[in-house]
$ cat query_29.csv   # CSV, C-alpha atoms
chain,number,residue,atom,x,y,z
A,1,MET,CA,41.7,-12.5,19.7
A,2,LYS,CA,42.9,-13.7,16.4
A,3,ARG,CA,42.7,-11.6,13.3
A,4,SER,CA,40.4,-14.1,11.6
A,5,ASN,CA,37.9,-13.7,14.5
A,6,HIS,CA,37.8,-9.9,14.0
A,7,ILE,CA,37.2,-10.4,10.3
A,8,GLY,CA,34.5,-13.0,11.0
A,9,MET,CA,32.8,-10.6,13.5
A,10,GLY,CA,33.0,-7.8,11.0
A,11,LEU,CA,31.4,-9.9,8.2
A,12,LEU,CA,28.6,-11.0,10.6
A,13,GLY,CA,27.9,-7.4,11.4
A,14,VAL,CA,27.7,-6.4,7.8
A,15,PHE,CA,25.4,-9.4,7.1
A,16,LEU,CA,23.1,-8.6,9.9
A,17,ALA,CA,22.9,-4.9,8.9
A,18,ALA,CA,22.0,-5.8,5.4
A,19,ALA,CA,19.3,-8.4,6.3
A,20,PRO,CA,16.4,-6.0,6.4
A,21,VAL,CA,17.2,-5.0,2.8
A,22,TRP,CA,17.0,-8.6,1.7
A,23,ALA,CA,13.7,-9.0,3.6
A,24,HIS,CA,11.9,-6.3,1.5
A,25,HIS,CA,9.8,-7.6,-1.3
A,26,SER,CA,8.8,-6.3,-4.7
A,27,ILE,CA,5.3,-5.3,-5.3
A,28,GLN,CA,5.1,-7.6,-8.3
A,29,ALA,CA,6.0,-10.6,-6.1
A,30,GLU,CA,2.8,-10.0,-3.9
A,31,PHE,CA,0.3,-8.5,-6.4
A,32,TYR,CA,-0.9,-9.1,-9.9
A,33,MET,CA,0.1,-5.9,-11.7
A,34,ASP,CA,-1.8,-6.8,-14.9
A,35,LYS,CA,-5.2,-7.3,-13.1
A,36,GLN,CA,-7.4,-5.0,-10.9
A,37,TRP,CA,-10.5,-4.9,-8.9
A,38,THR,CA,-12.7,-2.0,-7.6
A,39,GLN,CA,-14.7,-1.8,-4.4
A,40,THR,CA,-17.0,1.0,-3.1
A,41,GLY,CA,-17.3,1.8,0.5
A,42,VAL,CA,-16.7,4.3,3.3
A,43,LEU,CA,-13.1,5.4,3.8
A,44,THR,CA,-12.4,4.5,7.4
A,45,LYS,CA,-8.7,4.7,8.0
A,46,LEU,CA,-5.3,5.6,6.5
A,47,ASP,CA,-2.1,4.1,7.9
A,48,TRP,CA,0.5,6.7,6.9
A,49,ILE,CA,3.5,4.7,8.1
A,50,ASN,CA,6.7,3.2,6.6
A,51,PRO,CA,7.4,1.1,4.6
A,52,HIS,CA,4.0,1.4,2.9
A,53,THR,CA,0.7,3.3,3.5
A,54,VAL,CA,-2.5,1.3,3.8
A,55,THR,CA,-6.0,2.6,2.9
A,56,TRP,CA,-9.0,1.0,4.5
A,57,ILE,CA,-12.6,1.1,3.5
A,58,ALA,CA,-15.8,-0.5,5.0
A,59,VAL,CA,-17.7,-2.4,2.4
A,60,LYS,CA,-21.2,-3.9,3.0
A,61,ASN,CA,-21.2,-7.6,1.9
A,62,GLU,CA,-24.5,-7.9,-0.1
A,63,GLN,CA,-24.7,-11.7,0.6
A,64,THR,CA,-24.3,-11.6,4.3
A,65,GLY,CA,-25.4,-8.0,5.1
A,66,LYS,CA,-22.3,-7.6,7.2
A,67,THR,CA,-19.7,-4.9,6.8
A,68,GLU,CA,-16.1,-6.0,6.1
A,69,GLU,CA,-12.8,-4.1,6.0
A,70,VAL,CA,-11.0,-3.9,2.7
A,71,GLY,CA,-7.5,-2.7,2.6
A,72,CYS,CA,-5.0,-1.7,-0.1
A,73,GLN,CA,-1.3,-1.2,0.5
A,74,GLY,CA,0.2,1.8,-1.2
A,75,GLY,CA,3.5,3.4,-1.7
A,76,PRO,CA,5.7,4.8,1.1
A,77,PRO,CA,4.5,8.0,2.7
A,78,ASN,CA,7.6,9.9,1.6
A,79,ARG,CA,6.9,9.2,-2.1
A,80,TYR,CA,3.4,10.6,-1.8
A,81,SER,CA,4.7,13.6,0.2
A,82,ARG,CA,7.3,14.5,-2.4
A,83,GLN,CA,4.5,14.6,-5.0
A,84,GLY,CA,2.3,16.9,-2.9
A,85,LEU,CA,0.0,14.4,-1.3
A,86,SER,CA,-0.7,14.3,2.5
A,87,PRO,CA,-2.9,12.4,4.8
A,88,ALA,CA,-5.4,15.2,4.5
A,89,ASP,CA,-6.1,14.1,0.9
A,90,TRP,CA,-7.6,10.9,2.3
A,91,LYS,CA,-11.0,12.2,3.4
A,92,ILE,CA,-12.1,9.8,6.2
A,93,GLY,CA,-15.9,9.2,6.3
A,94,GLU,CA,-16.5,9.8,2.6
A,95,VAL,CA,-17.9,7.2,0.1
A,96,VAL,CA,-15.1,6.2,-2.3
A,97,SER,CA,-14.3,3.6,-4.9
A,98,ILE,CA,-10.8,2.2,-4.6
A,99,THR,CA,-9.1,0.4,-7.5
A,100,CYS,CA,-6.4,-2.0,-6.5
A,101,ASN,CA,-4.2,-4.8,-8.0
A,102,PRO,CA,-5.3,-8.1,-6.4
A,103,ALA,CA,-3.1,-10.1,-4.0
A,104,LYS,CA,-1.5,-13.2,-5.4
A,105,ASN,CA,-2.4,-15.1,-2.2
A,106,GLY,CA,-6.1,-15.0,-3.2
A,107,VAL,CA,-7.3,-12.7,-0.4
A,108,THR,CA,-10.2,-10.7,-1.9
A,109,THR,CA,-10.1,-7.9,0.7
A,110,TRP,CA,-6.4,-6.9,0.1
A,111,GLY,CA,-4.6,-5.3,-2.8
A,112,PHE,CA,-2.2,-2.7,-4.0
A,113,LEU,CA,-3.7,0.8,-4.4
A,114,LYS,CA,-4.0,2.3,-7.9
A,115,SER,CA,-6.7,5.0,-7.3
A,116,ILE,CA,-9.3,6.5,-5.0
A,117,GLU,CA,-12.4,8.1,-6.5
A,118,TYR,CA,-14.5,10.4,-4.2
A,119,HIS,CA,-18.2,10.1,-4.9
A,120,SER,CA,-18.9,13.5,-3.3
A,121,ASP,CA,-17.1,15.6,-5.9
A,122,GLY,CA,-15.7,13.1,-8.4
A,123,HIS,CA,-12.1,13.9,-7.8
A,124,VAL,CA,-9.6,11.0,-8.1
A,125,LEU,CA,-6.2,10.3,-6.4
A,126,VAL,CA,-4.2,8.3,-8.9
A,127,MET,CA,-1.3,6.2,-7.4
A,128,GLY,CA,1.4,4.5,-9.1
A,129,GLN,CA,4.9,3.1,-8.7
A,130,GLN,CA,6.3,6.6,-9.4
A,131,ARG,CA,3.5,9.0,-8.8
A,132,GLY,CA,0.5,10.1,-6.8
A,133,ARG,CA,-1.7,12.7,-8.4
A,134,ARG,CA,-5.0,14.5,-7.7
A,135,TYR,CA,-7.6,14.8,-10.6
$ encode --input "query_29.csv" --output "structure tokens"
Amino acid sequence: MKRSNHIGMGLLGVFLAAAPVWAHHSIQAEFYMDKQWTQTGVLTKLDWINPHTVTWIAVKNEQTGKTEEVGCQGGPPNRYSRQGLSPADWKIGEVVSITCNPAKNGVTTWGFLKSIEYHSDGHVLVMGQQRGRRY
């Protein structure tokens, strides 16, 4: 095999290894960071998986009477873990209000998580690009 083929194969390997990095998006590309919405419902599920957590609540639609799932993407689990949060801080089954940045694609049941307020005792989990805190 010629030297140029080895170099070409090496460059292809580097390119393919770096492709997932290029595929990752910025939060600002998907969500309006200067806007927010709040929904109240029952906390039904937490997806504590990489690359982003997802918090799900069940919200009753007042117009149709049907329950719909509303989800908010959050930061990566390791960021929350480093700041002392764990999946146990998401109390499944409780009534909460979630505040999220809206999705730029116009979907009204999806956003980027800013905070979760628990109605049972009033405590709030505040999320952010650099922090997750309990209040």
$ atom_distance --input "query_29.csv" --atom1 "CA of Trp37 (chain A)" --atom2 "CA of Gln63 (chain A)"
18.4 Å
$ closest_residue --input "query_29.csv" --among "A:Gly74, A:Gly41, A:Gly65, A:Gly84" --to "Ile98 (chain A)" --atoms "all atoms listed in the file"
A:Gly41
$ closest_atom_pairs --input "query_29.csv" --of "region 41-92 of chain A" --to "region 110-116 of chain A" --cutoff "7 Å" --atoms "all atoms listed in the file" --output "JSON lines"
{"residue": "A:Val70", "atom": "CA", "partner": "A:Trp110", "partner_atom": "CA", "distance": 6.1}
{"residue": "A:Gly71", "atom": "CA", "partner": "A:Trp110", "partner_atom": "CA", "distance": 5.0}
{"residue": "A:Cys72", "atom": "CA", "partner": "A:Gly111", "partner_atom": "CA", "distance": 4.5}
{"residue": "A:Gln73", "atom": "CA", "partner": "A:Phe112", "partner_atom": "CA", "distance": 4.8}
{"residue": "A:Gly74", "atom": "CA", "partner": "A:Leu113", "partner_atom": "CA", "distance": 5.1}
$ residues_around --input "query_29.csv" --residues "region 89-91 of chain A" --least-positions-apart "5" --cutoff "9 Å" --atoms "all atoms listed in the file" --output "list in words"
Leu43, Thr44, Lys45, Leu46, Thr55, Ile116, Tyr118, Leu125 and Arg134 of chain A
$ atom_distance --input "query_29.csv" --atom1 "CA of Thr40 (chain A)" --atom2 "CA of Val95 (chain A)"
7.0 Å
